[in-house]
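Peer 1: One structure follows; several queries about it will come next.
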Amino acid sequence: MATHHGKEGVVTAGGSGIGELTGFTLETTADVVEDTALTDATKSFVAGRTSFSGTLEMSYDETDSPQQTLTAGSSISFILLPEGNSSGDESFTGTGIVTGMSVTNGMDAVITRSVTFQGTGALTRGTV
């Protein structure tokens, strides 16, 4: 089993790598729909629709063009590369709508930007 270190991850948005990226989260979910018959003693379910969402974490950089495009309400096309950008590495490709963007500034801390998105359409899992 291969394990990977967080320093390998890359995210591109709109075709360009996001600068100062410090981490990301990708969450996929599936709805379930109950299909229990009245006479059944136990409940049963079937899989419904799937969806995905995520968060991008970065050090704030006002000179980084990809960061500047990540504004609430904007649409983004992205590629998430958990392992880096080497041949054979796993990738997740999709389109999403930015649902929120926050900038955090604390005393004696690096200023950070956090962006949340809701996926729209299918999330494609592949390799580089």
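Every chain in the structure tokens takes a letter, A first, then B, and so on in the order presented; its residues are numbered from 1, and the ligands are numbered from 1 following the presented order.
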Give me, as a PyMOL selection string, all polymer residues having an atom no more than 7 Å from region 45-56 of chain A, counting only C-alpha atoms and skipping those fewer than 6 positions away in the same chain.

Peer 2: chain A and resi 23-36+114-119

Peer 1: The selected residues should be written to file as a short mmCIF file (atom, residue, chain, number, x, y, z; two decimals), in the first residue's frame (atoms: C-alpha atoms).

Peer 2:
data_model
loop_
_atom_site.label_atom_id
_atom_site.label_comp_id
_atom_site.auth_asym_id
_atom_site.auth_seq_id
_atom_site.Cartn_x
_atom_site.Cartn_y
_atom_site.Cartn_z
CA GLY A 23 -4.40 22.04 1.58
CA PHE A 24 -7.71 20.94 0.17
CA THR A 25 -10.67 18.75 1.05
CA LEU A 26 -12.88 16.89 -1.40
CA GLU A 27 -16.09 15.30 -0.13
CA THR A 28 -18.32 13.02 -2.18
CA THR A 29 -21.74 11.95 -0.99
CA ALA A 30 -24.61 9.79 -2.23
CA ASP A 31 -28.28 10.15 -1.40
CA VAL A 32 -30.15 7.05 -0.32
CA VAL A 33 -33.84 6.50 -0.93
CA GLU A 34 -35.91 4.15 1.17
CA ASP A 35 -37.68 1.43 -0.80
CA THR A 36 -39.13 -0.57 2.11
CA SER A 114 -10.32 29.63 2.41
CA VAL A 115 -12.62 28.88 -0.51
CA THR A 116 -15.60 26.49 -0.46
CA PHE A 117 -17.26 25.10 -3.56
CA GLN A 118 -20.25 22.98 -4.51
CA GLY A 119 -19.70 20.62 -7.42
#

Peer 1: Gly126 (chain A): which residues within 10 Å, counting only C-alpha atoms, same-chain residues fewer than 6 positions away excluded, as JSON, numbers by chain?

Peer 2: {"A": [81, 88, 89, 90, 91, 92, 93]}

Peer 1: Determine, counting only C-alpha atoms, which protein, DNA and RNA residues have an atom within 8 Å of an atom of Gly6 (chain A); residues of the same chain fewer than 3 positions away are not included. Present the result as a ChimeraX atom specification.

Peer 2: /A:9,23,82-83

Peer 1: With only C-alpha atoms counted and 9 Å as the cut-off, give the residues of region 3-74 of chain A in contact with region 99-112 of chain A, each with its shortest interatomic distance in Å and the pair that gives it, as a tab-separated table.

Peer 2:
residue	atom	partner	partner_atom	distance
A:Glu57	CA	A:Thr112	CA	7.4
A:Met58	CA	A:Thr112	CA	5.7
A:Ser59	CA	A:Thr112	CA	4.3
A:Tyr60	CA	A:Thr112	CA	4.7
A:Asp61	CA	A:Thr112	CA	8.5
A:Leu70	CA	A:Met101	CA	7.3
A:Thr71	CA	A:Met101	CA	6.2
A:Ala72	CA	A:Gly100	CA	5.0
A:Gly73	CA	A:Thr99	CA	6.0
A:Ser74	CA	A:Thr99	CA	8.2

Peer 1: Tell me which protein, DNA and RNA residues are within 12 Å of Ser16 (chain A), counting only C-alpha atoms, leaving out same-chain ones fewer than 4 positions away, and put them as a PDB file with N, CA, C and O atoms, in the first residue's frame.

Peer 2:
ATOM      1  N   VAL A  10      -1.567  19.195  -5.582  1.00  0.00           N
ATOM      2  CA  VAL A  10      -1.649  20.317  -6.508  1.00  0.00           C
ATOM      3  C   VAL A  10      -3.117  20.535  -6.851  1.00  0.00           C
ATOM      4  O   VAL A  10      -3.880  19.580  -6.972  1.00  0.00           O
ATOM      5  N   VAL A  11      -3.524  21.794  -7.013  1.00  0.00           N
ATOM      6  CA  VAL A  11      -4.871  22.111  -7.490  1.00  0.00           C
ATOM      7  C   VAL A  11      -4.750  23.132  -8.610  1.00  0.00           C
ATOM      8  O   VAL A  11      -4.046  24.130  -8.468  1.00  0.00           O
ATOM      9  N   THR A  12      -5.426  22.865  -9.724  1.00  0.00           N
ATOM     10  CA  THR A  12      -5.514  23.861 -10.782  1.00  0.00           C
ATOM     11  C   THR A  12      -6.959  24.319 -10.883  1.00  0.00           C
ATOM     12  O   THR A  12      -7.891  23.550 -10.680  1.00  0.00           O
ATOM     13  N   ASP A  64      -1.640  36.443  -7.063  1.00  0.00           N
ATOM     14  CA  ASP A  64      -1.876  35.156  -7.712  1.00  0.00           C
ATOM     15  C   ASP A  64      -3.213  35.187  -8.451  1.00  0.00           C
ATOM     16  O   ASP A  64      -4.275  35.207  -7.828  1.00  0.00           O
ATOM     17  N   SER A  65      -3.175  35.220  -9.776  1.00  0.00           N
ATOM     18  CA  SER A  65      -4.401  35.325 -10.585  1.00  0.00           C
ATOM     19  C   SER A  65      -5.424  34.241 -10.293  1.00  0.00           C
ATOM     20  O   SER A  65      -6.614  34.538 -10.160  1.00  0.00           O
ATOM     21  N   PRO A  66      -5.034  32.951 -10.201  1.00  0.00           N
ATOM     22  CA  PRO A  66      -6.051  31.937  -9.894  1.00  0.00           C
ATOM     23  C   PRO A  66      -6.748  32.183  -8.558  1.00  0.00           C
ATOM     24  O   PRO A  66      -7.954  31.971  -8.450  1.00  0.00           O
ATOM     25  N   GLN A  67      -6.017  32.646  -7.536  1.00  0.00           N
ATOM     26  CA  GLN A  67      -6.672  32.956  -6.260  1.00  0.00           C
ATOM     27  C   GLN A  67      -7.711  34.049  -6.445  1.00  0.00           C
ATOM     28  O   GLN A  67      -8.787  33.997  -5.862  1.00  0.00           O
ATOM     29  N   GLN A  68      -7.397  35.048  -7.236  1.00  0.00           N
ATOM     30  CA  GLN A  68      -8.293  36.193  -7.410  1.00  0.00           C
ATOM     31  C   GLN A  68      -9.585  35.832  -8.126  1.00  0.00           C
ATOM     32  O   GLN A  68     -10.590  36.527  -7.990  1.00  0.00           O
ATOM     33  N   THR A  69      -9.592  34.733  -8.898  1.00  0.00           N
ATOM     34  CA  THR A  69     -10.816  34.327  -9.604  1.00  0.00           C
ATOM     35  C   THR A  69     -11.775  33.556  -8.709  1.00  0.00           C
ATOM     36  O   THR A  69     -12.913  33.321  -9.088  1.00  0.00           O
ATOM     37  N   ILE A  76     -15.998  27.527 -11.426  1.00  0.00           N
ATOM     38  CA  ILE A  76     -14.617  27.126 -11.641  1.00  0.00           C
ATOM     39  C   ILE A  76     -14.559  25.715 -12.229  1.00  0.00           C
ATOM     40  O   ILE A  76     -15.400  24.866 -11.929  1.00  0.00           O
ATOM     41  N   SER A  77     -13.609  25.498 -13.094  1.00  0.00           N
ATOM     42  CA  SER A  77     -13.251  24.164 -13.547  1.00  0.00           C
ATOM     43  C   SER A  77     -11.949  23.836 -12.848  1.00  0.00           C
ATOM     44  O   SER A  77     -11.032  24.649 -12.833  1.00  0.00           O
ATOM     45  N   PHE A  78     -11.856  22.651 -12.263  1.00  0.00           N
ATOM     46  CA  PHE A  78     -10.684  22.361 -11.453  1.00  0.00           C
ATOM     47  C   PHE A  78     -10.186  20.943 -11.670  1.00  0.00           C
ATOM     48  O   PHE A  78     -10.907  20.074 -12.152  1.00  0.00           O
ATOM     49  N   ILE A  79      -8.929  20.754 -11.296  1.00  0.00           N
ATOM     50  CA  ILE A  79      -8.319  19.435 -11.209  1.00  0.00           C
ATOM     51  C   ILE A  79      -7.647  19.366  -9.841  1.00  0.00           C
ATOM     52  O   ILE A  79      -6.821  20.219  -9.510  1.00  0.00           O
ATOM     53  N   LEU A  80      -8.024  18.379  -9.048  1.00  0.00           N
ATOM     54  CA  LEU A  80      -7.400  18.143  -7.752  1.00  0.00           C
ATOM     55  C   LEU A  80      -6.455  16.958  -7.909  1.00  0.00           C
ATOM     56  O   LEU A  80      -6.860  15.890  -8.365  1.00  0.00           O
TER      57      LEU A  80
END

Peer 1: Taking the DSSP assignment computed from this structure's backbone, write out as a list in words all residues of chain A that belong to alpha helix (DSSP H).

Peer 2: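 Checking each residue of chain A, the alpha helix (DSSP H) ones are Ser65, Pro66, Gln67 and Gln68 of chain A.
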
Peer 1: Step one, run DSSP on the backbone; step two, keep only residues of region 39-69 of chain A assigned to strand (DSSP E); then write them as a VMD selection string.

Peer 2: chain A and resid 45 to 59

Peer 1: Between A:Thr3, A:Gly94, A:Arg113, A:Ser75, which residue has the minimum interatomic distance to Arg125 (chain A), considering only C-alpha atoms?

Peer 2: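 Counting only C-alpha atoms, the residue closest to Arg125 (chain A) is A:Gly94.
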
Peer 1: Measuring atom to atom with only C-alpha atoms, identify which of A:Thr124, A:Thr95, A:Ser87, A:Ala37 is nearest to Gly14 (chain A).

Peer 2: A:Thr95
